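Accompanying notes for the structure given below.
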Amino acid sequence: MSQSAMQSAAVPEPSARHEAEKKPPENPVAGPPEQPSGVPDNAAEKPKKNRISGGFFRFVVTRFLLIIPTVFILVTVVFFVMRATGDPISAAQGGRLSPQELQRRIHDAGYDRPLIVQYFQYLGNLLHGDLGTTLTDNQPVSSILVHYGAATLELAMLSLIVALVVGIGLGRIAAKHRDHGADAGIRVFAILCYATPVFFLGLVLKLVFSTWLTVLPSSGRSSLSTDMQFNRLVSPTGLYIIDALQLGDMHVLLDVLAHAVLPSLALGLLTAGVFIRLVRTNVISTYNSDYIEAARSRGVSEKRLLSKHSWKPALIPIITVMGMQIAMLLAGAVLTETTFEWKGLGFMLSNYLKARDFVAVQGIVILIAIIVSVVNFIVDVISALIDPRVRY
């Protein structure tokens, strides 16, 4: 081969060399293309983050706005149901006043006007924060809610603590000893807790611990001496445990806790029955899932599988149903407070129902509806944050 032929074979043609320069080198492990100067590396991720945060914000706003129609519907239903038997003054004071005095009071209160006019006036007063005045004791309904609402809140919180401790603890034990004697006994206990009326359970607890054993008080929120100690507080909260801590007196705190044991047990065990079955079912379900089997094949101990891998996913349904259980607690508080003479909203609601004081009943029901709606809203937001299956 001649020297000119060898040079022509070694040096490519200009067009071929130009095509080779335009073609990028093949590199199977090449990284992502470089960002232009002045553009941060995470610029491509920002639209995704904004989209997620915007979707979550819309989810929260939507859930919050649903509180308004929920409360509005309940207010409307309660108003017209209460008026189905006549005006509130005739229902509450009909047998105690002369016909002339009764008509005068009805006219002064505006209950002789058309029902639809009364309804819109009531809605207007609600928008201004005016819940009316009780007919039996002539007190503002708002002051009744503030004074007695703290007692119901304290009882609900203590009952929820009992429900969570008993329900989660026994539910885990039942799941761990599935289809054994402990599991069967706990399931029977859960059914009894859920099926027993709260007032009957309260009477049984009073009979055992107050009458037979005489170790716990049977009624009230505190003793007379403790009430006198609370009168020393400049700004009491109405939550007796917090007020006792403000006083710094251990005897007062123990007295308050002793009075709260039986009511919180009676109301808390009602919800604990639901939590036991829920925890047991979900722990067993996650314990038999594929990722648990994969962890077991890698040699992870059964104790760690139960306590770490299958326990946390089982908590998500508990948080989801907790909003509904708050509504059950508030509904059961009426009977519990009446049984133990725990002077909260449930106790006052029972008294006002007996007196047919519709104005007071409406105010208490509206407050309970707002509490339940807000709690369900908070639970929905928490579930959306911790549960990856929730889409928004």
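In the structure tokens, the first chain shown is A, the next is B, and so on; residue numbers restart at 1 for each chain, and ligands run from 1 in the order shown.
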Pull the closest atom pair for each residue of stretch 223-303 of chain A that gets at most 12 Å from stretch 211-215 of chain A, along with the distance in Å to one decimal, counting only C-alpha atoms, ordering rows by chain and then ascending residue number, as CSV.
```
residue,atom,partner,partner_atom,distance
A:Asp255,CA,A:Val215,CA,11.8
A:Ala258,CA,A:Val215,CA,8.9
A:His259,CA,A:Val215,CA,10.5
A:Val261,CA,A:Val215,CA,10.8
A:Leu262,CA,A:Val215,CA,10.8
```
Distance query A:Leu155 at most 12 Å, only C-alpha atoms, self and fewer than 2 positions along chain excluded, as a PyMOL selection string | chain A and resi 148-153+157-162+220-221+238-241+256-257+259-268+326+329-330+332-334+336-337+340+342-347
Contacts of A:Gln325 at 10 Å or less, counting only C-alpha atoms, minus same-chain residues fewer than 6 places along, as JSON, numbers by chain?
-> {"A": [160, 163, 270, 271, 272, 274, 275, 318, 319, 331, 372, 376]}
A:Ala384, A:Leu367, A:Ile168, A:Leu97: which is nearest A:Val75, counting only C-alpha atoms?
-> A:Leu367
Go through A:Ile67, A:Leu127, A:Gly132, A:Leu216 and flag the residue nearest A:Leu254, using only C-alpha atoms for the distances.
->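 Going through A:Ile67, A:Leu127, A:Gly132, A:Leu216 one by one, the smallest distance to A:Leu254 is for A:Leu216.
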Can you list every residue of stretch 116-177 of chain A that has an atom at most 12 Å from stretch 181-188 of chain A, with its nearest atom pair and the distance in Å to one decimal, using only C-alpha atoms, ordered by chain then number, as a Markdown table?
```
| residue | atom | partner | partner_atom | distance |
| --- | --- | --- | --- | --- |
| A:Val166 | CA | A:Ile186 | CA | 10.6 |
| A:Gly167 | CA | A:Ile186 | CA | 10.0 |
| A:Ile168 | CA | A:Ile186 | CA | 11.7 |
| A:Gly169 | CA | A:Ile186 | CA | 10.6 |
| A:Leu170 | CA | A:Ile186 | CA | 6.8 |
| A:Gly171 | CA | A:Ile186 | CA | 7.9 |
| A:Arg172 | CA | A:Asp183 | CA | 9.7 |
| A:Ile173 | CA | A:Asp183 | CA | 7.3 |
| A:Ala174 | CA | A:Asp183 | CA | 4.3 |
| A:Ala175 | CA | A:Asp183 | CA | 7.1 |
| A:Lys176 | CA | A:Asp183 | CA | 8.2 |
| A:His177 | CA | A:Asp183 | CA | 5.7 |
```
Identify, on the basis of only C-alpha atoms, every residue whose closest approach to A:Val81 does not exceed 12 Å; exclude the query and any residue fewer than 4 positions from it along the same chain; express the result as a ChimeraX atom specification.
-> /A:74-77,85-88,115,119,358,361-362
